[in-house]
$ cat coords-v5.pdb   # PDB, C-alpha atoms
ATOM      1  CA  VAL A 800    -218.933 101.211 121.557
ATOM      2  CA  LEU A 801    -217.722 104.775 121.043
ATOM      3  CA  ALA A 802    -219.594 107.331 118.919
ATOM      4  CA  GLY A 803    -218.934 110.986 118.264
ATOM      5  CA  LEU A 804    -218.127 113.768 115.804
ATOM      6  CA  ARG A 805    -214.799 114.448 114.126
ATOM      7  CA  PHE A 806    -214.002 117.925 112.836
ATOM      8  CA  THR A 807    -211.530 117.999 109.927
ATOM      9  CA  ASP A 808    -209.819 121.002 108.383
ATOM     10  CA  HIS A 809    -208.117 119.556 105.297
ATOM     11  CA  ARG A 810    -205.764 121.709 103.246
ATOM     12  CA  LEU A 811    -203.806 120.893 100.096
ATOM     13  CA  LYS A 812    -201.013 123.406  99.522
ATOM     14  CA  ASP A 813    -201.272 125.812  96.579
ATOM     15  CA  LEU A 814    -198.260 124.937  94.405
ATOM     16  CA  ASP A 815    -198.833 127.003  91.241
ATOM     17  CA  GLY A 816    -196.582 129.856  92.341
ATOM     18  CA  ASP A 817    -199.246 132.552  92.231
ATOM     19  CA  PRO A 818    -200.144 133.898  95.689
ATOM     20  CA  ALA A 819    -203.079 135.826  94.212
ATOM     21  CA  VAL A 820    -204.949 132.709  93.052
ATOM     22  CA  ASP A 821    -205.603 129.817  95.424
ATOM     23  CA  SER A 822    -205.468 126.708  93.268
ATOM     24  CA  GLY A 823    -205.106 124.410  96.261
ATOM     25  CA  TYR A 824    -207.810 122.408  97.975
ATOM     26  CA  ARG A 825    -209.422 123.100 101.330
ATOM     27  CA  THR A 826    -212.512 121.817 103.037
ATOM     28  CA  ARG A 827    -213.788 121.829 106.616
ATOM     29  CA  LYS A 828    -216.436 119.495 107.860
ATOM     30  CA  ALA A 829    -217.735 117.679 110.923
ATOM     31  CA  SER A 830    -218.258 113.970 110.232
ATOM     32  CA  PRO A 831    -219.468 111.059 112.358
ATOM     33  CA  THR A 832    -217.063 108.571 113.907
ATOM     34  CA  LEU A 833    -217.793 105.134 115.303
ATOM     35  CA  ALA A 834    -215.485 102.727 117.107
ATOM     36  CA  LEU A 835    -216.041  99.190 118.372
ATOM     37  CA  ILE A 836    -213.770  97.659 120.978
ATOM     38  CA  HIS A 837    -214.000  93.983 121.912
ATOM     39  CA  LYS A 838    -211.851  92.166 124.467
ATOM     40  CA  PRO A 839    -212.283  88.413 124.030
ATOM     41  CA  ASP A 840    -209.727  87.628 126.719
ATOM     42  CA  ALA A 841    -207.337  89.327 129.117
ATOM     43  CA  ALA A 842    -204.470  89.499 126.580
ATOM     44  CA  THR A 843    -206.375  90.444 123.359
ATOM     45  CA  ILE A 844    -208.211  93.568 122.246
ATOM     46  CA  ILE A 845    -209.961  93.850 118.869
ATOM     47  CA  TYR A 846    -210.555  97.395 117.676
ATOM     48  CA  GLY A 847    -212.384  98.692 114.604
ATOM     49  CA  SER A 848    -213.332 102.231 113.628
ATOM     50  CA  TYR A 849    -215.203 104.194 110.972
ATOM     51  CA  VAL A 850    -214.011 107.694 110.028
ATOM     52  CA  GLU A 851    -215.006 109.778 106.998
ATOM     53  CA  GLY A 852    -212.061 111.227 105.096
ATOM     54  CA  LEU A 853    -212.048 114.536 103.219
ATOM     55  CA  GLU A 854    -208.932 114.130 101.106
ATOM     56  CA  ALA A 855    -209.018 114.522  97.339
ATOM     57  CA  GLY A 856    -209.884 111.184  95.752
ATOM     58  CA  THR A 857    -207.722 109.134  93.396
ATOM     59  CA  ARG A 858    -210.445 107.278  91.500
ATOM     60  CA  VAL A 859    -210.539 107.928  87.789
ATOM     61  CA  ALA A 860    -213.864 108.572  86.090
ATOM     62  CA  ALA A 861    -214.610 109.760  82.556
ATOM     63  CA  PRO A 862    -215.644 113.323  83.522
ATOM     64  CA  TYR A 863    -212.310 114.061  85.188
ATOM     65  CA  ALA A 864    -210.023 116.268  83.105
ATOM     66  CA  ASN A 865    -206.979 114.750  84.794
ATOM     67  CA  ALA A 866    -207.946 111.139  84.066
ATOM     68  CA  GLY A 867    -204.779 110.618  82.016
ATOM     69  CA  GLU A 868    -202.606 111.821  84.876
ATOM     70  CA  LEU A 869    -204.274 109.582  87.444
ATOM     71  CA  LEU A 870    -204.284 106.520  85.208
ATOM     72  CA  GLY A 871    -200.649 107.021  84.312
ATOM     73  CA  GLU A 872    -199.551 107.286  87.923
ATOM     74  CA  TYR A 873    -201.722 104.289  88.836
ATOM     75  CA  TYR A 874    -200.080 102.064  86.203
ATOM     76  CA  GLN A 875    -196.690 103.364  87.273
ATOM     77  CA  LYS A 876    -197.269 102.290  90.866
ATOM     78  CA  ALA A 877    -199.092  99.062  90.054
ATOM     79  CA  PHE A 878    -197.064  97.749  87.103
ATOM     80  CA  GLY A 879    -193.856  99.776  86.990
ATOM     81  CA  LEU A 880    -194.818 101.726  83.849
ATOM     82  CA  ASP A 881    -192.334 104.511  83.096
ATOM     83  CA  PHE A 882    -195.016 107.207  82.931
ATOM     84  CA  ARG A 883    -193.961 110.809  82.289
ATOM     85  CA  GLY A 884    -195.992 113.900  81.506
ATOM     86  CA  VAL A 885    -195.970 117.701  81.430
ATOM     87  CA  ARG A 886    -198.587 120.290  82.271
ATOM     88  CA  PHE A 887    -198.540 122.947  79.572
ATOM     89  CA  PRO A 888    -199.465 126.611  79.909
ATOM     90  CA  GLY A 889    -201.421 128.213  77.069
ATOM     91  CA  LEU A 890    -199.717 127.280  73.798
ATOM     92  CA  ILE A 891    -199.177 129.703  70.927
ATOM     93  CA  ASN A 892    -198.468 128.573  67.382
ATOM     94  CA  ALA A 893    -198.922 129.794  63.812
ATOM     95  CA  GLY A 894    -202.509 128.724  63.187
ATOM     96  CA  ILE A 895    -206.096 129.914  62.983
ATOM     97  CA  PRO A 896    -207.525 130.198  66.529
ATOM     98  CA  GLY A 897    -210.236 127.743  67.499
ATOM     99  CA  GLY A 898    -212.104 129.985  69.951
ATOM    100  CA  GLY A 899    -210.435 129.046  73.240
ATOM    101  CA  THR A 900    -210.128 131.359  76.230
ATOM    102  CA  THR A 901    -206.490 132.248  75.518
ATOM    103  CA  ASP A 902    -207.002 132.726  71.765
ATOM    104  CA  TYR A 903    -207.151 136.491  72.190
ATOM    105  CA  ALA A 904    -203.354 136.398  71.849
ATOM    106  CA  LEU A 905    -203.457 134.821  68.374
ATOM    107  CA  TYR A 906    -206.355 137.003  67.243
ATOM    108  CA  MET A 907    -204.156 140.041  67.818
ATOM    109  CA  PHE A 908    -201.877 138.708  65.078
ATOM    110  CA  ILE A 909    -204.572 137.381  62.733
ATOM    111  CA  ASP A 910    -207.003 140.307  62.841
ATOM    112  CA  GLY A 911    -204.222 142.832  63.258
ATOM    113  CA  LEU A 912    -202.895 141.690  59.866
ATOM    114  CA  ARG A 913    -206.119 141.104  57.958
ATOM    115  CA  LYS A 914    -208.408 143.715  59.530
ATOM    116  CA  GLY A 915    -206.021 146.247  60.997
ATOM    117  CA  GLY A 916    -207.203 145.682  64.552
ATOM    118  CA  TYR A 917    -208.864 143.463  67.126
ATOM    119  CA  GLU A 918    -210.961 143.974  70.270
ATOM    120  CA  CYS A 919    -209.766 141.524  72.927
ATOM    121  CA  PHE A 920    -212.425 139.879  75.083
ATOM    122  CA  VAL A 921    -210.253 140.237  78.219
ATOM    123  CA  SER A 922    -208.959 143.201  80.198
ATOM    124  CA  ALA A 923    -205.599 144.735  79.353
ATOM    125  CA  GLU A 924    -204.233 143.628  82.748
ATOM    126  CA  SER A 925    -205.126 139.955  82.252
ATOM    127  CA  ARG A 926    -202.089 137.756  82.792
ATOM    128  CA  VAL A 927    -201.783 133.991  82.190
ATOM    129  CA  PRO A 928    -198.850 131.695  81.383
ATOM    130  CA  PHE A 929    -198.038 131.111  77.704
ATOM    131  CA  MET A 930    -195.502 129.044  75.784
ATOM    132  CA  TYR A 931    -194.426 128.974  72.158
ATOM    133  CA  MET A 932    -195.089 125.616  70.487
ATOM    134  CA  PRO A 933    -191.432 124.867  69.583
ATOM    135  CA  ASP A 934    -190.566 125.068  73.292
ATOM    136  CA  ALA A 935    -193.498 122.787  74.158
ATOM    137  CA  LEU A 936    -192.431 120.109  71.665
ATOM    138  CA  ARG A 937    -188.828 120.287  72.835
ATOM    139  CA  ALA A 938    -189.909 119.899  76.458
ATOM    140  CA  VAL A 939    -191.709 116.638  75.659
ATOM    141  CA  LEU A 940    -188.677 115.230  73.853
ATOM    142  CA  GLU A 941    -186.293 116.284  76.614
ATOM    143  CA  LEU A 942    -188.445 114.664  79.285
ATOM    144  CA  ILE A 943    -188.625 111.441  77.249
ATOM    145  CA  ASP A 944    -184.819 111.356  77.015
ATOM    146  CA  ALA A 945    -184.159 112.321  80.643
ATOM    147  CA  PRO A 946    -182.502 109.577  82.766
ATOM    148  CA  LYS A 947    -185.121 108.001  84.986
ATOM    149  CA  SER A 948    -182.753 108.155  87.947
ATOM    150  CA  ARG A 949    -182.927 111.960  87.882
ATOM    151  CA  LEU A 950    -186.725 112.206  87.949
ATOM    152  CA  THR A 951    -188.346 112.784  91.322
ATOM    153  CA  ARG A 952    -191.918 112.729  89.987
ATOM    154  CA  SER A 953    -193.848 111.649  86.914
ATOM    155  CA  LEU A 954    -195.701 114.911  86.117
ATOM    156  CA  TYR A 955    -194.033 118.288  85.708
ATOM    157  CA  ASN A 956    -195.155 121.875  85.308
ATOM    158  CA  ILE A 957    -193.281 123.698  82.553
ATOM    159  CA  ALA A 958    -193.356 127.456  82.000
ATOM    160  CA  ALA A 959    -191.978 130.145  79.722
ATOM    161  CA  MET A 960    -193.660 133.559  79.974
ATOM    162  CA  SER A 961    -196.593 135.275  81.675
ATOM    163  CA  PRO A 962    -197.284 138.493  79.739
ATOM    164  CA  THR A 963    -200.313 140.677  80.243
ATOM    165  CA  ALA A 964    -202.687 141.092  77.325
ATOM    166  CA  GLU A 965    -201.447 144.667  76.916
ATOM    167  CA  GLU A 966    -197.817 143.515  76.791
ATOM    168  CA  ILE A 967    -198.701 141.163  73.945
ATOM    169  CA  ALA A 968    -200.636 143.926  72.187
ATOM    170  CA  ALA A 969    -197.715 146.356  72.506
ATOM    171  CA  ALA A 970    -195.320 143.820  70.978
ATOM    172  CA  VAL A 971    -197.733 143.191  68.094
ATOM    173  CA  ARG A 972    -198.247 146.937  67.478
ATOM    174  CA  ARG A 973    -194.493 147.396  67.101
ATOM    175  CA  ARG A 974    -194.577 144.917  64.216
ATOM    176  CA  ILE A 975    -197.900 145.947  62.659
ATOM    177  CA  PRO A 976    -197.810 149.749  62.557
ATOM    178  CA  GLY A 977    -201.254 151.259  62.896
ATOM    179  CA  ALA A 978    -202.891 148.121  64.286
ATOM    180  CA  LYS A 979    -205.728 149.080  66.629
ATOM    181  CA  LEU A 980    -205.755 146.570  69.484
ATOM    182  CA  THR A 981    -208.301 147.354  72.202
ATOM    183  CA  PHE A 982    -209.879 145.600  75.163
ATOM    184  CA  LYS A 983    -213.475 144.925  76.209
ATOM    185  CA  SER A 984    -213.727 142.296  78.909
ATOM    186  CA  ASP A 985    -216.351 139.574  78.437
ATOM    187  CA  PRO A 986    -217.548 138.652  81.964
ATOM    188  CA  ARG A 987    -217.829 134.901  81.316
ATOM    189  CA  ARG A 988    -214.450 134.481  79.660
ATOM    190  CA  GLN A 989    -212.783 136.899  82.048
ATOM    191  CA  ALA A 990    -214.028 134.875  85.018
ATOM    192  CA  ILE A 991    -212.482 131.730  83.525
ATOM    193  CA  LEU A 992    -209.186 133.511  82.911
ATOM    194  CA  ASN A 993    -209.136 135.003  86.408
ATOM    195  CA  SER A 994    -209.499 131.529  87.923
ATOM    196  CA  TRP A 995    -206.233 130.365  86.348
ATOM    197  CA  PRO A 996    -202.768 130.844  87.873
ATOM    198  CA  LYS A 997    -200.824 133.827  86.604
ATOM    199  CA  VAL A 998    -197.515 131.993  86.754
ATOM    200  CA  LEU A 999    -196.456 128.338  86.848
ATOM    201  CA  ASP A1000    -193.716 127.039  89.105
ATOM    202  CA  ASP A1001    -191.496 124.840  86.932
ATOM    203  CA  SER A1002    -188.518 124.781  89.301
ATOM    204  CA  VAL A1003    -188.706 120.994  89.719
ATOM    205  CA  ALA A1004    -188.501 120.424  85.952
ATOM    206  CA  ARG A1005    -185.515 122.769  85.766
ATOM    207  CA  ARG A1006    -183.812 120.925  88.618
ATOM    208  CA  ASP A1007    -184.583 117.335  87.586
ATOM    209  CA  TRP A1008    -184.024 117.353  83.838
ATOM    210  CA  GLY A1009    -182.632 120.776  83.026
ATOM    211  CA  TRP A1010    -185.756 122.271  81.472
ATOM    212  CA  LYS A1011    -185.284 125.831  80.206
ATOM    213  CA  HIS A1012    -187.476 127.723  77.754
ATOM    214  CA  ALA A1013    -185.832 129.299  74.706
ATOM    215  CA  PHE A1014    -188.544 131.797  73.716
ATOM    216  CA  ASP A1015    -189.640 134.769  75.776
ATOM    217  CA  LEU A1016    -192.346 137.123  74.489
ATOM    218  CA  GLU A1017    -190.117 139.146  72.149
ATOM    219  CA  ALA A1018    -188.299 136.112  70.750
ATOM    220  CA  MET A1019    -191.591 134.313  70.170
ATOM    221  CA  ILE A1020    -193.209 137.210  68.301
ATOM    222  CA  GLU A1021    -190.080 137.791  66.220
ATOM    223  CA  ASP A1022    -190.213 134.175  65.077
ATOM    224  CA  LEU A1023    -193.996 133.970  64.843
ATOM    225  CA  MET A1024    -194.783 137.135  62.878
ATOM    226  CA  PRO A1025    -193.415 136.005  59.458
ATOM    227  CA  LYS A1026    -195.331 132.727  59.818
ATOM    228  CA  MET A1027    -198.548 134.576  60.652
ATOM    229  CA  ARG A1028    -198.102 136.872  57.645
ATOM    230  CA  ARG A1029    -197.776 133.833  55.361
ATOM    231  CA  LEU A1030    -200.793 132.220  57.008
ATOM    232  CA  VAL A1031    -202.968 135.284  56.432
ATOM    233  CA  GLU A1032    -201.814 135.592  52.817
ATOM    234  CA  GLN A1033    -202.595 131.918  52.171
ATOM    235  CA  SER A1034    -206.053 132.245  53.740
ATOM    236  CA  ARG A1035    -206.841 135.138  51.376
ATOM    237  CA  ASP A1036    -205.920 132.953  48.413
TER     238      ASP A1036
END

$ encode --input "coords-v5.pdb" --output "structure tokens"
Amino acid sequence: VLAGLRFTDHRLKDLDGDPAVDSGYRTRKASPTLALIHKPDAATIIYGSYVEGLEAGTRVAAPYANAGELLGEYYQKAFGLDFRGVRFPGLINAGIPGGGTTDYALYMFIDGLRKGGYECFVSAESRVPFMYMPDALRAVLELIDAPKSRLTRSLYNIAAMSPTAEEIAAAVRRRIPGAKLTFKSDPRRQAILNSWPKVLDDSVARRDWGWKHAFDLEAMIEDLMPKMRRLVEQSRD
């Protein structure tokens, strides 16, 4: 019988492309170990051991936000399901915001048009990845049509732009003269935003199935602004 302690320093590499935000996984812990060795005869040794592992689990439970990802990959491995998925950045479309953490971007358009200004609940320097909805829909269709032989994984990051809040505001001001767009950081929402990656690494999607976004910030706003004007006019009616 052997008994002792095992010290583990487990690290999962940060793959989001942002060196300023550690989105990887790391834990360090001492855990007990136990081993039993039995030699029934001169030519045979039976060995059994108990060791606690610290790796991220793969069980799916209802509270997990990534349950769909884990279930999909499980069915792919177990039953050969052709499972494919994308991880979106914040999506922007012509619609009334629902109150999410990244909705400050849409409120610049909505309140800039109907009220002449908006006070963002984040700092001017806040930066997170965004994508225009037409690009997001096209990405899904392109991944569906991609030859399976070219895919090296089942889940892909996709990216388009990572503007600061001030860069968005400046682009909106150029199209709504006189719009007063200011910033007053809300600590709770700012903390959530600061915990997210500032950029997404979508190099694997670009390599495997030729993903490429069509809309940068200026192209998105140029296309989005007429739609937002119509939306605001309809809401007044």

$ residues_around --input "coords-v5.pdb" --residues "Ala893 in chain A" --least-positions-apart "2" --cutoff "7 Å" --atoms "all atoms listed in the file" --output "mmCIF file with C-alpha atoms, in the coordinates of the input"
data_model
loop_
_atom_site.group_PDB
_atom_site.id
_atom_site.type_symbol
_atom_site.label_atom_id
_atom_site.label_comp_id
_atom_site.auth_asym_id
_atom_site.auth_seq_id
_atom_site.Cartn_x
_atom_site.Cartn_y
_atom_site.Cartn_z
ATOM 1 C CA LEU A 1023 -193.996 133.970 64.843
ATOM 2 C CA LYS A 1026 -195.331 132.727 59.818
ATOM 3 C CA MET A 1027 -198.548 134.576 60.652
#

$ atom_distance --input "coords-v5.pdb" --atom1 "CA of Trp995 in chain A" --atom2 "CA of Arg926 in chain A"
9.2 Å

$ resolve_selection --input "coords-v5.pdb" --expression "the PyMOL selection byres ((chain A and resi 964-979) around 12)" --output "ChimeraX atom specification"
/A:891,901-929,960-963,980-984,989,992,997,1015-1025,1027-1028

$ resolve_selection --input "coords-v5.pdb" --expression "the PyMOL selection byres ((chain A and resi 883) around 10)" --output "number ranges by chain"
A: 868, 871-872, 875, 880-882, 884-885, 939, 942-943, 947, 950, 952-955

$ closest_residue --input "coords-v5.pdb" --among "A:Lys838, A:Phe878, A:Ala959, A:Ala802" --to "Ser1002 in chain A" --atoms "all atoms listed in the file"
A:Ala959

$ atom_distance --input "coords-v5.pdb" --atom1 "CA of Arg805 in chain A" --atom2 "CA of Tyr846 in chain A"
17.9 Å

$ axis_aligned_box --input "coords-v5.pdb" --around "range 960-979 of chain A" --padding-each-side "5 Å" --output "JSON"
{"center_x": -199.7, "center_y": 142.4, "center_z": 72.1, "size_x": 22.1, "size_y": 27.7, "size_z": 29.1}

$ atom_distance --input "coords-v5.pdb" --atom1 "CA of Ala935 in chain A" --atom2 "CA of Ile957 in chain A"
8.4 Å

$ resolve_selection --input "coords-v5.pdb" --expression "the PyMOL selection byres ((chain A and resi 807) around 6)" --output "list in words"
Phe806, Asp808, His809, Arg827 and Lys828 of chain A

$ closest_residue --input "coords-v5.pdb" --among "A:Gly899, A:Gly894, A:Gly889, A:Gly1009" --to "Pro996 in chain A" --atoms "only C-alpha atoms"
A:Gly889

$ closest_residue --input "coords-v5.pdb" --among "A:Arg988, A:Leu940, A:Leu999, A:Met932" --to "Ala958 in chain A" --atoms "all atoms listed in the file"
A:Leu999

$ closest_residue --input "coords-v5.pdb" --among "A:Phe1014, A:Asn892, A:Pro831, A:Arg886" --to "Gly867 in chain A" --atoms "all atoms listed in the file"
A:Arg886
